[in-house]
Each structure stands twice: as C-alpha cells, then as structure tokens.
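Have a look at model14.tsv below; it lists TSV, C-alpha atoms and all ligand atoms.
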chain	number	residue	atom	x	y	z
A	1462	MET	CA	-25.31	-16.11	1.78
A	1463	VAL	CA	-22.44	-15.84	-0.67
A	1464	ILE	CA	-23.16	-14.36	-4.09
A	1465	THR	CA	-20.80	-15.52	-6.80
A	1466	ARG	CA	-19.98	-14.00	-10.14
A	1467	THR	CA	-17.95	-15.14	-13.11
A	1468	ILE	CA	-14.63	-13.75	-14.31
A	1469	GLY	CA	-13.66	-15.58	-17.49
A	1470	GLN	CA	-13.73	-19.29	-16.67
A	1471	LEU	CA	-13.53	-18.72	-12.92
A	1472	THR	CA	-16.32	-18.23	-10.42
A	1473	THR	CA	-15.59	-16.07	-7.41
A	1474	THR	CA	-17.40	-14.05	-4.78
A	1475	ALA	CA	-19.14	-10.88	-5.92
A	1476	VAL	CA	-17.62	-9.04	-2.96
A	1477	GLY	CA	-13.84	-9.29	-2.84
A	1478	LEU	CA	-11.21	-7.58	-0.72
A	1479	GLY	CA	-9.29	-4.62	-2.12
A	1480	CYS	CA	-5.93	-5.11	-0.41
A	1481	MET	CA	-4.36	-1.76	-1.35
A	1482	PRO	CA	-4.91	0.03	2.01
A	1483	LEU	CA	-3.07	-2.78	3.80
A	1484	SER	CA	0.32	-1.64	2.52
A	1485	LEU	CA	-0.08	1.99	1.50
A	1486	GLU	CA	0.42	5.01	3.77
A	1487	ASN	CA	-1.40	4.82	7.13
A	1488	ASN	CA	-1.67	1.06	7.02
A	1489	LEU	CA	-2.04	-0.55	10.44
A	1490	GLY	CA	0.93	-2.91	10.15
A	1491	ARG	CA	1.59	-6.38	8.85
A	1492	ASP	CA	-0.22	-8.28	11.59
A	1493	MET	CA	-3.40	-6.28	11.04
A	1494	GLY	CA	-3.01	-6.85	7.31
A	1495	LEU	CA	-2.81	-10.60	7.80
A	1496	GLN	CA	-5.76	-10.54	10.21
A	1497	THR	CA	-7.83	-8.54	7.74
A	1498	ILE	CA	-7.19	-10.92	4.86
A	1499	HIS	CA	-7.80	-13.96	7.07
A	1500	ALA	CA	-11.05	-12.48	8.38
A	1501	ALA	CA	-12.24	-11.92	4.81
A	1502	LEU	CA	-11.31	-15.43	3.69
A	1503	ASP	CA	-12.82	-17.04	6.80
A	1504	ALA	CA	-16.07	-15.19	6.05
A	1505	GLY	CA	-16.18	-16.72	2.57
A	1506	CYS	CA	-14.49	-14.04	0.43
A	1507	ARG	CA	-12.64	-15.67	-2.47
A	1508	HIS	CA	-11.33	-12.68	-4.44
A	1509	LEU	CA	-8.25	-10.69	-3.40
A	1510	ASP	CA	-7.15	-7.66	-5.39
A	1511	THR	CA	-3.53	-6.51	-5.21
A	1512	ALA	CA	-0.91	-4.86	-7.47
A	1513	TRP	CA	2.82	-4.63	-8.04
A	1514	ALA	CA	2.63	-0.93	-7.17
A	1515	TYR	CA	0.92	-1.08	-3.76
A	1516	TYR	CA	3.80	-0.03	-1.53
A	1517	GLU	CA	4.61	2.90	0.72
A	1518	SER	CA	7.75	5.02	0.92
A	1519	GLY	CA	10.74	3.08	2.21
A	1520	LYS	CA	9.27	-0.25	1.12
A	1521	THR	CA	9.93	-2.14	-2.08
A	1522	PRO	CA	7.32	-2.77	-4.77
A	1523	GLU	CA	5.33	-5.97	-4.28
A	1524	ALA	CA	4.87	-5.31	-0.54
A	1525	ASN	CA	1.15	-5.93	-0.96
A	1526	GLU	CA	1.63	-9.08	-3.01
A	1527	ARG	CA	4.00	-10.40	-0.37
A	1528	LEU	CA	1.35	-9.78	2.28
A	1529	VAL	CA	-1.29	-11.56	0.20
A	1530	ARG	CA	1.02	-14.53	-0.29
A	1531	ALA	CA	1.84	-14.69	3.44
A	1532	ALA	CA	-1.85	-14.54	4.29
A	1533	LEU	CA	-2.71	-17.36	1.92
A	1534	GLU	CA	0.19	-19.54	3.06
A	1535	SER	CA	-0.80	-19.13	6.71
A	1536	TRP	CA	-4.51	-19.75	6.07
A	1537	ASP	CA	-6.10	-23.13	6.77
A	1538	GLY	CA	-8.80	-22.87	4.09
A	1539	PRO	CA	-8.91	-23.93	0.44
A	1540	ARG	CA	-6.24	-21.71	-1.16
A	1541	GLN	CA	-7.06	-23.08	-4.61
A	1542	ASP	CA	-10.53	-21.51	-4.43
A	1543	VAL	CA	-9.18	-17.97	-3.99
A	1544	LEU	CA	-8.85	-15.82	-7.10
A	1545	VAL	CA	-5.86	-13.51	-6.73
A	1546	ALA	CA	-5.77	-10.59	-9.15
A	1547	THR	CA	-2.76	-8.34	-9.50
A	1548	LYS	CA	-1.69	-5.51	-11.82
A	1549	VAL	CA	1.33	-4.23	-13.70
A	1550	GLY	CA	2.24	-0.92	-15.30
A	1551	HIS	CA	2.02	1.49	-12.37
A	1552	ASN	CA	4.71	2.74	-10.02
A	1553	ARG	CA	5.00	5.19	-7.14
A	1554	ASN	CA	7.16	8.27	-6.62
A	1555	PHE	CA	8.06	9.65	-3.23
A	1556	THR	CA	10.63	12.26	-4.18
A	1557	ASP	CA	8.68	15.36	-3.08
A	1558	GLY	CA	7.49	13.83	0.16
A	1559	VAL	CA	3.95	13.43	-1.17
A	1560	PRO	CA	3.41	10.04	-2.79
A	1561	THR	CA	2.33	10.19	-6.41
A	1562	TRP	CA	1.61	7.54	-9.01
A	1563	GLY	CA	3.37	7.11	-12.34
A	1564	GLN	CA	2.61	4.96	-15.36
A	1565	ASP	CA	5.01	2.73	-17.21
A	1566	GLY	CA	3.27	0.81	-19.96
A	1567	ARG	CA	6.39	-0.05	-21.92
A	1568	PRO	CA	6.25	-3.70	-23.03
A	1569	GLU	CA	9.58	-4.53	-21.40
A	1570	THR	CA	8.35	-3.17	-18.07
A	1571	LEU	CA	5.08	-5.08	-18.22
A	1572	LEU	CA	6.86	-8.32	-19.12
A	1573	ARG	CA	9.33	-7.88	-16.27
A	1574	GLN	CA	6.74	-6.85	-13.69
A	1575	GLY	CA	4.40	-9.69	-14.68
A	1576	LYS	CA	7.12	-12.25	-14.00
A	1577	GLU	CA	8.00	-10.52	-10.74
A	1578	CYS	CA	4.35	-10.64	-9.65
A	1579	ALA	CA	4.17	-14.40	-10.26
A	1580	SER	CA	7.39	-14.93	-8.36
A	1581	THR	CA	6.28	-12.74	-5.43
A	1582	LEU	CA	2.90	-14.44	-5.23
A	1583	GLY	CA	4.64	-17.81	-5.38
A	1584	VAL	CA	2.68	-19.11	-8.36
A	1585	ASP	CA	3.61	-20.36	-11.81
A	1586	THR	CA	0.55	-18.71	-13.30
A	1587	ILE	CA	-1.27	-15.63	-12.00
A	1588	ASP	CA	-5.05	-16.09	-11.95
A	1589	LEU	CA	-5.86	-12.63	-13.30
A	1590	LEU	CA	-3.33	-9.99	-14.35
A	1591	TYR	CA	-4.46	-6.44	-15.17
A	1592	PHE	CA	-2.73	-3.75	-17.16
A	1593	HIS	CA	-3.07	-1.17	-14.38
A	1594	ARG	CA	-3.41	2.12	-16.24
A	1595	PRO	CA	-2.84	3.36	-19.81
A	1596	ASP	CA	0.50	5.11	-20.24
A	1597	PRO	CA	0.10	8.18	-22.48
A	1598	LYS	CA	3.72	7.77	-23.61
A	1599	VAL	CA	3.13	4.28	-25.00
A	1600	PRO	CA	0.59	3.34	-27.71
A	1601	TYR	CA	-2.12	1.33	-25.97
A	1602	ASP	CA	-1.90	-1.59	-28.39
A	1603	GLN	CA	1.82	-2.03	-27.61
A	1604	SER	CA	1.09	-2.39	-23.90
A	1605	ILE	CA	-1.72	-4.83	-24.61
A	1606	GLU	CA	0.51	-6.92	-26.91
A	1607	ALA	CA	2.84	-7.35	-23.92
A	1608	MET	CA	-0.10	-8.52	-21.80
A	1609	LYS	CA	-0.89	-11.04	-24.54
A	1610	THR	CA	2.69	-12.30	-24.40
A	1611	LEU	CA	2.32	-12.80	-20.65
A	1612	ALA	CA	-0.78	-14.89	-21.28
A	1613	ASP	CA	0.86	-16.81	-24.14
A	1614	GLU	CA	3.85	-17.61	-21.93
A	1615	GLY	CA	1.60	-18.86	-19.12
A	1616	VAL	CA	2.56	-16.09	-16.69
A	1617	ALA	CA	-1.12	-15.14	-16.45
A	1618	ARG	CA	-4.16	-17.29	-16.99
A	1619	MET	CA	-6.54	-14.39	-17.64
A	1620	ILE	CA	-5.97	-10.75	-18.55
A	1621	GLY	CA	-7.78	-7.65	-17.38
A	1622	ILE	CA	-7.42	-3.97	-18.10
A	1623	SER	CA	-7.96	-1.13	-15.69
A	1624	ASN	CA	-8.81	2.56	-16.02
A	1625	ALA	CA	-9.86	1.85	-19.58
A	1626	SER	CA	-12.22	3.69	-21.91
A	1627	VAL	CA	-14.71	1.98	-24.22
A	1628	GLU	CA	-12.27	2.51	-27.09
A	1629	GLN	CA	-9.45	0.89	-25.12
A	1630	ILE	CA	-11.71	-2.05	-24.24
A	1631	HIS	CA	-12.21	-2.61	-27.97
A	1632	ILE	CA	-8.47	-2.39	-28.68
A	1633	ALA	CA	-7.70	-4.87	-25.90
A	1634	ARG	CA	-10.41	-7.25	-27.08
A	1635	ARG	CA	-9.12	-7.18	-30.64
A	1636	ILE	CA	-5.64	-8.18	-29.45
A	1637	LEU	CA	-6.49	-10.49	-26.57
A	1638	GLY	CA	-9.70	-12.13	-27.77
A	1639	ASP	CA	-11.20	-14.38	-25.09
A	1640	ARG	CA	-8.20	-13.82	-22.84
A	1641	LEU	CA	-9.59	-10.43	-21.93
A	1642	VAL	CA	-12.03	-11.21	-19.14
A	1643	ALA	CA	-12.31	-8.15	-16.90
A	1644	VAL	CA	-12.25	-4.37	-16.77
A	1645	GLN	CA	-11.47	-2.75	-13.41
A	1646	ASN	CA	-12.63	0.87	-13.37
A	1647	GLN	CA	-13.48	3.41	-10.73
A	1648	PHE	CA	-17.20	3.40	-10.03
A	1649	SER	CA	-19.11	4.59	-6.97
A	1650	PRO	CA	-21.91	6.96	-5.95
A	1651	VAL	CA	-19.44	9.84	-6.35
A	1652	TYR	CA	-17.90	8.60	-9.58
A	1653	ARG	CA	-20.36	7.35	-12.17
A	1654	SER	CA	-18.82	8.61	-15.40
A	1655	THR	CA	-17.57	5.11	-16.20
A	1656	GLN	CA	-21.13	3.83	-16.59
A	1657	ASP	CA	-20.50	3.58	-20.36
A	1658	THR	CA	-17.69	1.08	-19.77
A	1659	LEU	CA	-19.85	-0.90	-17.33
A	1660	ASP	CA	-22.57	-1.11	-19.97
A	1661	GLU	CA	-20.12	-2.11	-22.68
A	1662	CYS	CA	-18.65	-4.84	-20.46
A	1663	ARG	CA	-22.12	-6.26	-19.88
A	1664	ARG	CA	-22.76	-6.24	-23.63
A	1665	LEU	CA	-19.45	-8.01	-24.33
A	1666	GLY	CA	-19.72	-10.51	-21.46
A	1667	LEU	CA	-16.77	-9.05	-19.55
A	1668	ALA	CA	-16.62	-8.73	-15.79
A	1669	PHE	CA	-16.70	-5.15	-14.51
A	1670	VAL	CA	-14.85	-4.72	-11.22
A	1671	CYS	CA	-15.54	-1.45	-9.39
A	1672	TRP	CA	-12.54	0.12	-7.68
A	1673	SER	CA	-12.90	2.62	-4.83
A	1674	SER	CA	-16.49	1.46	-4.81
A	1675	LEU	CA	-17.06	3.30	-1.51
A	1676	GLY	CA	-15.52	6.54	-2.73
A	1677	GLY	CA	-11.90	5.80	-1.87
A	1678	TYR	CA	-10.24	5.77	1.52
A	1679	ARG	CA	-7.95	8.76	1.36
A	1680	ARG	CA	-9.85	11.51	-0.36
A	1681	ALA	CA	-12.58	13.59	1.20
A	1682	VAL	CA	-15.60	13.13	-1.06
A	1683	ASP	CA	-18.83	15.06	-1.11
A	1684	ALA	CA	-20.63	13.26	1.72
A	1685	SER	CA	-24.00	14.56	0.54
A	1686	LYS	CA	-23.83	12.09	-2.36
A	1687	PHE	CA	-24.17	9.30	0.20
A	1688	GLU	CA	-27.32	10.76	1.82
A	1689	PRO	CA	-29.79	8.59	-0.15
A	1690	PHE	CA	-27.67	5.55	0.69
A	1691	ARG	CA	-27.79	6.47	4.39
A	1692	LYS	CA	-31.60	6.74	4.23
A	1693	VAL	CA	-31.98	3.32	2.62
A	1694	ALA	CA	-29.46	1.90	5.08
A	1695	ALA	CA	-31.45	3.21	8.05
A	1696	ALA	CA	-34.58	1.50	6.70
A	1697	HIS	CA	-32.72	-1.83	6.46
A	1698	GLY	CA	-30.74	-1.39	9.69
A	1699	VAL	CA	-27.40	-1.85	7.91
A	1700	SER	CA	-24.38	0.35	7.17
A	1701	TYR	CA	-24.64	2.74	4.21
A	1702	GLN	CA	-21.52	1.06	2.81
A	1703	GLN	CA	-23.49	-2.18	2.44
A	1704	VAL	CA	-26.17	-0.29	0.53
A	1705	VAL	CA	-23.55	1.27	-1.77
A	1706	LEU	CA	-22.05	-2.13	-2.57
A	1707	ALA	CA	-25.47	-3.79	-3.06
A	1708	TRP	CA	-26.49	-0.95	-5.42
A	1709	GLU	CA	-23.31	-1.47	-7.45
A	1710	LEU	CA	-23.85	-5.25	-7.62
A	1711	ALA	CA	-27.38	-4.62	-8.85
A	1712	LYS	CA	-25.94	-2.73	-11.85
A	1713	GLY	CA	-25.54	-6.03	-13.66
A	1714	PRO	CA	-24.69	-9.72	-13.31
A	1715	ASN	CA	-21.18	-8.93	-14.56
A	1716	VAL	CA	-20.39	-6.46	-11.73
A	1717	LEU	CA	-18.05	-7.26	-8.84
A	1718	VAL	CA	-16.85	-5.02	-5.99
A	1719	ILE	CA	-13.55	-5.01	-4.12
A	1720	PRO	CA	-14.02	-2.71	-1.11
A	1721	GLY	CA	-10.79	-1.78	0.63
A	1722	ALA	CA	-10.26	-2.22	4.36
A	1723	HIS	CA	-7.60	-1.51	6.96
A	1724	ARG	CA	-9.08	-3.87	9.51
A	1725	PRO	CA	-11.33	-6.91	9.81
A	1726	ALA	CA	-14.46	-5.09	11.00
A	1727	THR	CA	-14.92	-3.11	7.80
A	1728	ILE	CA	-14.46	-5.96	5.34
A	1729	LEU	CA	-16.68	-8.21	7.46
A	1730	ASP	CA	-19.40	-5.58	7.26
A	1731	SER	CA	-18.88	-5.06	3.52
A	1732	LEU	CA	-19.16	-8.78	2.79
A	1733	LYS	CA	-22.71	-8.67	4.17
A	1734	ALA	CA	-23.71	-6.54	1.17
A	1735	ALA	CA	-24.20	-9.84	-0.64
A	1736	ASP	CA	-27.18	-10.50	1.67
A	1737	LEU	CA	-28.85	-7.19	1.03
A	1738	VAL	CA	-31.67	-7.10	-1.50
A	1739	LEU	CA	-32.77	-3.64	-2.61
A	1740	SER	CA	-36.20	-3.05	-4.11
A	1741	ASP	CA	-36.63	-1.54	-7.58
A	1742	GLU	CA	-37.94	1.60	-5.92
A	1743	GLU	CA	-34.85	1.88	-3.74
A	1744	LEU	CA	-32.56	1.29	-6.70
A	1745	ARG	CA	-34.31	4.07	-8.64
A	1746	LEU	CA	-33.92	6.43	-5.69
A	1747	LEU	CA	-30.21	5.59	-5.41
A	1748	ASP	CA	-29.67	6.00	-9.14
A	1749	GLY	CA	-30.86	9.57	-8.79
A	1750	ASP	CA	-29.33	11.99	-11.24
A	1751	PRO	CA	-25.77	10.88	-12.03
A	1752	ALA	CA	-25.06	14.08	-13.98
A	1753	ASP	CA	-22.89	15.71	-11.32
A	1754	CYS	CA	-21.35	12.55	-9.89
A	1755	THR	CA	-18.01	12.74	-11.66
A	1756	GLU	CA	-15.50	13.66	-8.99
A	1757	GLY	CA	-11.87	13.15	-9.89
A	1758	ASP	CA	-9.70	10.12	-9.40
A	1759	ALA	CA	-10.25	8.93	-5.85
A	1760	ARG	CA	-6.84	7.38	-5.32
B	1801	LIG	N1	-7.28	-0.22	-10.57
B	1801	LIG	C1	-6.98	0.90	-9.98
B	1801	LIG	O1	-6.43	1.83	-10.58
B	1801	LIG	C2	-7.32	1.04	-8.54
B	1801	LIG	C3	-7.21	2.30	-7.92
B	1801	LIG	C4	-7.57	2.40	-6.56
B	1801	LIG	C5	-8.00	1.27	-5.86
B	1801	LIG	N2	-8.05	0.05	-6.50
B	1801	LIG	C6	-8.51	-1.15	-5.79
B	1801	LIG	O2	-9.78	-0.90	-5.25
B	1801	LIG	C7	-9.77	-1.24	-3.87
B	1801	LIG	C8	-10.78	-0.41	-3.11
B	1801	LIG	O3	-10.50	0.97	-3.22
B	1801	LIG	P1	-10.08	1.87	-1.97
B	1801	LIG	O4	-9.45	0.99	-0.96
B	1801	LIG	O5	-9.37	3.02	-2.52
B	1801	LIG	O6	-11.41	2.49	-1.47
B	1801	LIG	P2	-12.88	2.06	-1.03
B	1801	LIG	O7	-13.06	0.59	-1.13
B	1801	LIG	O8	-13.79	2.94	-1.76
B	1801	LIG	O9	-12.89	2.52	0.48
B	1801	LIG	C9	-12.13	1.87	1.46
B	1801	LIG	C10	-12.42	2.57	2.78
B	1801	LIG	O10	-13.75	2.35	3.12
B	1801	LIG	C11	-13.81	1.91	4.45
B	1801	LIG	N3	-14.80	0.83	4.51
B	1801	LIG	C12	-14.82	-0.29	3.74
B	1801	LIG	N4	-15.90	-1.04	4.06
B	1801	LIG	C13	-16.54	-0.38	5.02
B	1801	LIG	C14	-17.71	-0.64	5.78
B	1801	LIG	N5	-18.45	-1.73	5.54
B	1801	LIG	N6	-18.08	0.25	6.73
B	1801	LIG	C15	-17.34	1.36	6.96
B	1801	LIG	N7	-16.24	1.68	6.28
B	1801	LIG	C16	-15.84	0.81	5.32
B	1801	LIG	C17	-12.47	1.37	4.84
B	1801	LIG	O11	-12.35	1.67	6.21
B	1801	LIG	P3	-11.15	1.24	7.19
B	1801	LIG	O12	-10.00	2.01	6.71
B	1801	LIG	O13	-11.64	1.69	8.52
B	1801	LIG	O14	-10.98	-0.23	7.10
B	1801	LIG	C18	-11.54	2.09	3.90
B	1801	LIG	O15	-11.00	3.22	4.55
B	1801	LIG	C19	-8.32	-1.01	-3.45
B	1801	LIG	O16	-8.03	-1.66	-2.26
B	1801	LIG	C20	-7.60	-1.56	-4.65
B	1801	LIG	O17	-7.50	-2.97	-4.54
B	1801	LIG	C21	-7.73	-0.06	-7.82
The structure in this file should be written as structure tokens.
Amino acid sequence: MVITRTIGQLTTTAVGLGCMPLSLENNLGRDMGLQTIHAALDAGCRHLDTAWAYYESGKTPEANERLVRAALESWDGPRQDVLVATKVGHNRNFTDGVPTWGQDGRPETLLRQGKECASTLGVDTIDLLYFHRPDPKVPYDQSIEAMKTLADEGVARMIGISNASVEQIHIARRILGDRLVAVQNQFSPVYRSTQDTLDECRRLGLAFVCWSSLGGYRRAVDASKFEPFRKVAAAHGVSYQQVVLAWELAKGPNVLVIPGAHRPATILDSLKAADLVLSDEELRLLDGDPADCTEGDAR
C-alpha cells in the first residue's frame, strides 16, 4: 500500500527518501547511492529530498543533487511523478578537519544557489525549493523575499522553509502567500520540541516534513527513548523504525517523513511504514511524556 499526502498542488508519497547520507561523510559510494535511490523509486517512493549543501570534503556543492539527477535519468519509471525537493542557504566548512555547517541567507546567495540547483537537477523549474535554515546575520524577511523572487521567476514552483519557528512561518506566509507549501523541521521521538510548528502547519494547511525522523544517522541519541517503539514493533513483528515513522505520520494528515538511508535495505524497510496501522492505545503509549525529548540538533 502506498499512502500519499499533499504538498501544495502536488500529491506525493507520505514516506520519501532523505538523500543526504548518500553524499555526506561515510557514504558508501556513487553506485550504492544510485542503487538506493532506484530501490526506493522501484518500491513506489515518489519524494526525494536533497540540498545544495549535501557534499563531503573534497567534493563540490551539489554532489547530492547530481546523484539524484543521475538516478532519475537512469531510471525506467515515470520521472514526472517524482517530487524532487532541494534547499538553498546552507554551506559546509571543512577547515578544522571536522565538517561543520554554515548559514548564508543573503538574498544574492539564495538567488544564485537556486539557479544552480535547477541547473544541476537539469530542470527549468524545481518542484519544491526550501530556504534551508535562518541566517542570524540576515533579517528573515529579506531571505524570504529572495525565495519569492525565485518563485516569481519560475526557478521554483513551490517554496518551503526549514528549521523555522512559528513566528518565521508567519513571516514567510505573509510574504509568499500560497507559494509557501511546506515546513521541514526536525521531529522524532528524541526531538519533539517542534510540535508547535507541526500543529501550526496543520492549522494553516501546510505540509510538515520531519527531518531526521529516526533520530539522525550520525549522532548517538538516547536509545532508551526508542524503547516503547521497540515494544510496539515486537508486537507487530516489524522494525522499530517502521513504528517511529508510522507514529509520525499519525501526527496529522499534513505530515510526511523522509528517512535517510545509505543502502537499499533500510529505505525498503522504512517504506513499509505506510502499511503499518497503530491503534489509539499504541499511539498514546508512544506519545508518552514529551517533556524531556528535546535533544539538540541531530545533524
Ligand atoms: N532540513 C534540514 O535542516 C535537514 C537536516 C538534516 C537532515 N535533513 C533531511 O532529512 C533526511 C533524514 O535525516 P537523516 O538522514 O539525518 O536521519 P534519519 O532519517 O533520522 O536516520 C537515517 C539513519 O537511519 C537508518 N535507517 C533508516 N531507515 C531504517 C530502517 N528502516 N531500519 C534501520 N535503520 C534505518 C539509516 O541506516 P543506514 O545508514 O544503514 O542506511 C540511516 O543511518 C536527510 O537525509 C535529509 O534529506 C534535513
């Protein structure tokens, strides 16, 4: 069974593929990246999430977008049915040997990166383009005005914002109107402090896309937070990751998930979350007490 959800005017699968791990540190190489994306698409996934900034040391920006494009061009299925979302406004620094992330929300950067994304993806118009992360050095409305220009110029069909507060959602909506269709925020069993933005998105009819929905692939998280999910998983005979994703999807009809994967097996398992129906009692158990579930940024 494939569950679909709406992002703006487009319908896509509720479970997408977060492509970031396929080109960041410890990726398993280009061939495995292509195989992973193909496996997801062959299994019915129609939502790929990438970004300008998903590249490792020694590689150029857009490495991930290039991989996504290569995967789509070498895939036999209906390319036009796949929603590709990308992001602008983030960059990476490798100077101290440990990769870090930087923000650049200056309008000129966003305009340039948006056009580069379209060119790298090989499209005239990007399906969904996010402003990746607020830049404290740039007033938020100035960054959002640049995103509006990208929509006005046809570089992006729909605009999203990421790592946004409720207040920033309102600013973006005031400037973008109906062109704002999605908010992509961190949300998982170990990071629930964005629940207010999820609720506001539901109220406003915006899609809410959970990032690092499984807790993130690089950071050791408090495994005890997943215990209830493991218990429910054992009862259903499925992986606890499927239970996590099904719990997130049950948070509202506007919620989508984009679990990351380094290899086909994990995304194929995650896609099965769409088949998993959790009872009200199970959902209440999993909701638990979110008070202490606010671990830091899982990137
Ligand atoms: N907007 C933002 O600022 C932002 C920030 C971070 C991430 N993102 C997006 O969110 C996506 C997901 O986040 P993420 O990749 O950090 O973390 P994640 O989805 O929370 O976790 C990915 C990890 O979970 C494992 N996994 C996935 N499905 C599994 C399954 N069914 N069973 C067992 N293990 C499973 C993967 O294992 P394997 O490694 O073994 O495949 C991978 O290591 C990213 O790819 C990116 O597109 C956005």
Is it possible to get the axis-aligned box enclosing ligand LIG 1801 (chain B) (all listed atoms, 5 Å extra per side) as AutoDock Vina command-line options, with centre and edge lengths in Å rounded to one decimal?
--center_x -12.4 --center_y 0.1 --center_z -1.0 --size_x 22.0 --size_y 16.2 --size_z 29.1
(message) Around ligand LIG 1801 (chain B), which protein and nucleic acid residues have at least one atom no more than 8 Å from it, if we count all atoms listed in the file? List them as an MDAnalysis selection string.
(response) chainID A and resid 1478:1483 1509:1512 1548 1593:1594 1623:1624 1645:1647 1649 1671:1679 1700:1703 1719:1732 1759:1760
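Minimum atom-to-atom distance to A:Gly1469, evaluated using all atoms listed in the file, belongs to A:Ala1668 out of A:Leu1710, A:Ala1696, A:Ala1668, A:Val1644.
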(request) Pick out the residues sitting within 12 Å of A:Pro1597, and hand them over as a PyMOL selection string; count all atoms listed in the file, and ignore anything fewer than 4 positions along from it in its own chain. (result) chain A and resi 1550+1563-1567+1601-1604
(message) I'd like the contact shell of A:Leu1495 - 12 Å cut-off, all atoms listed in the file, skipping same-chain residues fewer than 3 positions apart - returned as a PyMOL selection string.
(response) chain A and resi 1480+1483-1484+1488-1492+1498-1503+1525-1536+1722-1725
(request) Just give me the gap between atom CA of A:Thr1472 and atom CA of A:Val1627 in Å, one decimal is fine. (result) 24.5 Å
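Nearest-residue note for A:Met1608: choosing from A:Leu1571, A:Val1738, A:Ile1632, A:Ala1643, the minimum distance belongs to A:Leu1571, counting all atoms listed in the file.
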(request) Identify, on the basis of only C-alpha atoms, every residue whose closest approach to A:His1697 does not exceed 12 Å; exclude the query and any residue fewer than 2 positions from it along the same chain; express the result as a PyMOL selection string. (result) chain A and resi 1690-1695+1699-1701+1703-1704+1734+1736-1740+1743
Neighbour residues at most 12 Å from (-6.9, -8.5, -28.5) (only C-alpha atoms) as a PDB file with C-alpha atoms, in the coordinates of the input:
ATOM      1  CA  TYR A1601      -2.120   1.330 -25.970  1.00  0.00           C
ATOM      2  CA  ASP A1602      -1.900  -1.590 -28.390  1.00  0.00           C
ATOM      3  CA  GLN A1603       1.820  -2.030 -27.610  1.00  0.00           C
ATOM      4  CA  SER A1604       1.090  -2.390 -23.900  1.00  0.00           C
ATOM      5  CA  ILE A1605      -1.720  -4.830 -24.610  1.00  0.00           C
ATOM      6  CA  GLU A1606       0.510  -6.920 -26.910  1.00  0.00           C
ATOM      7  CA  ALA A1607       2.840  -7.350 -23.920  1.00  0.00           C
ATOM      8  CA  MET A1608      -0.100  -8.520 -21.800  1.00  0.00           C
ATOM      9  CA  LYS A1609      -0.890 -11.040 -24.540  1.00  0.00           C
ATOM     10  CA  THR A1610       2.690 -12.300 -24.400  1.00  0.00           C
ATOM     11  CA  ALA A1612      -0.780 -14.890 -21.280  1.00  0.00           C
ATOM     12  CA  ILE A1620      -5.970 -10.750 -18.550  1.00  0.00           C
ATOM     13  CA  GLY A1621      -7.780  -7.650 -17.380  1.00  0.00           C
ATOM     14  CA  ILE A1622      -7.420  -3.970 -18.100  1.00  0.00           C
ATOM     15  CA  GLN A1629      -9.450   0.890 -25.120  1.00  0.00           C
ATOM     16  CA  ILE A1630     -11.710  -2.050 -24.240  1.00  0.00           C
ATOM     17  CA  HIS A1631     -12.210  -2.610 -27.970  1.00  0.00           C
ATOM     18  CA  ILE A1632      -8.470  -2.390 -28.680  1.00  0.00           C
ATOM     19  CA  ALA A1633      -7.700  -4.870 -25.900  1.00  0.00           C
ATOM     20  CA  ARG A1634     -10.410  -7.250 -27.080  1.00  0.00           C
ATOM     21  CA  ARG A1635      -9.120  -7.180 -30.640  1.00  0.00           C
ATOM     22  CA  ILE A1636      -5.640  -8.180 -29.450  1.00  0.00           C
ATOM     23  CA  LEU A1637      -6.490 -10.490 -26.570  1.00  0.00           C
ATOM     24  CA  GLY A1638      -9.700 -12.130 -27.770  1.00  0.00           C
ATOM     25  CA  ASP A1639     -11.200 -14.380 -25.090  1.00  0.00           C
ATOM     26  CA  ARG A1640      -8.200 -13.820 -22.840  1.00  0.00           C
ATOM     27  CA  LEU A1641      -9.590 -10.430 -21.930  1.00  0.00           C
ATOM     28  CA  VAL A1642     -12.030 -11.210 -19.140  1.00  0.00           C
TER      29      VAL A1642
END
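Each of A:Val1463, A:Cys1662, A:Ala1475, A:Val1559 was checked against A:Ala1711 using all atoms listed in the file; the smallest atom-to-atom distance is that of A:Ala1475.
The coordinates place atom CA of A:Ala1625 at 9.0 Å from atom CA of A:Thr1655.
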Filled-in N, CA and C atoms of stretch 1498-1509 of chain A, supplied as a PDB file, in the frame of the given file:
ATOM      1  N   ILE A1498      -7.019  -9.967   5.968  1.00  0.00           N
ATOM      2  CA  ILE A1498      -7.190 -10.920   4.860  1.00  0.00           C
ATOM      3  C   ILE A1498      -7.771 -12.232   5.381  1.00  0.00           C
ATOM      4  N   HIS A1499      -7.267 -12.707   6.509  1.00  0.00           N
ATOM      5  CA  HIS A1499      -7.800 -13.960   7.070  1.00  0.00           C
ATOM      6  C   HIS A1499      -9.277 -13.825   7.432  1.00  0.00           C
ATOM      7  N   ALA A1500      -9.640 -12.680   7.997  1.00  0.00           N
ATOM      8  CA  ALA A1500     -11.050 -12.480   8.380  1.00  0.00           C
ATOM      9  C   ALA A1500     -11.929 -12.547   7.130  1.00  0.00           C
ATOM     10  N   ALA A1501     -11.459 -11.903   6.053  1.00  0.00           N
ATOM     11  CA  ALA A1501     -12.240 -11.920   4.810  1.00  0.00           C
ATOM     12  C   ALA A1501     -12.383 -13.345   4.283  1.00  0.00           C
ATOM     13  N   LEU A1502     -11.280 -14.064   4.232  1.00  0.00           N
ATOM     14  CA  LEU A1502     -11.310 -15.430   3.690  1.00  0.00           C
ATOM     15  C   LEU A1502     -12.174 -16.336   4.573  1.00  0.00           C
ATOM     16  N   ASP A1503     -12.028 -16.208   5.882  1.00  0.00           N
ATOM     17  CA  ASP A1503     -12.820 -17.040   6.800  1.00  0.00           C
ATOM     18  C   ASP A1503     -14.320 -16.781   6.626  1.00  0.00           C
ATOM     19  N   ALA A1504     -14.650 -15.537   6.239  1.00  0.00           N
ATOM     20  CA  ALA A1504     -16.070 -15.190   6.050  1.00  0.00           C
ATOM     21  C   ALA A1504     -16.576 -15.585   4.663  1.00  0.00           C
ATOM     22  N   GLY A1505     -15.715 -16.202   3.863  1.00  0.00           N
ATOM     23  CA  GLY A1505     -16.180 -16.720   2.570  1.00  0.00           C
ATOM     24  C   GLY A1505     -15.701 -15.945   1.359  1.00  0.00           C
ATOM     25  N   CYS A1506     -15.003 -14.826   1.566  1.00  0.00           N
ATOM     26  CA  CYS A1506     -14.490 -14.040   0.430  1.00  0.00           C
ATOM     27  C   CYS A1506     -13.455 -14.862  -0.337  1.00  0.00           C
ATOM     28  N   ARG A1507     -13.572 -14.857  -1.653  1.00  0.00           N
ATOM     29  CA  ARG A1507     -12.640 -15.670  -2.470  1.00  0.00           C
ATOM     30  C   ARG A1507     -12.003 -14.856  -3.591  1.00  0.00           C
ATOM     31  N   HIS A1508     -11.910 -13.553  -3.405  1.00  0.00           N
ATOM     32  CA  HIS A1508     -11.330 -12.680  -4.440  1.00  0.00           C
ATOM     33  C   HIS A1508     -10.473 -11.625  -3.744  1.00  0.00           C
ATOM     34  N   LEU A1509      -9.171 -11.675  -3.982  1.00  0.00           N
ATOM     35  CA  LEU A1509      -8.250 -10.690  -3.400  1.00  0.00           C
ATOM     36  C   LEU A1509      -7.660  -9.866  -4.531  1.00  0.00           C
TER      37      LEU A1509
END
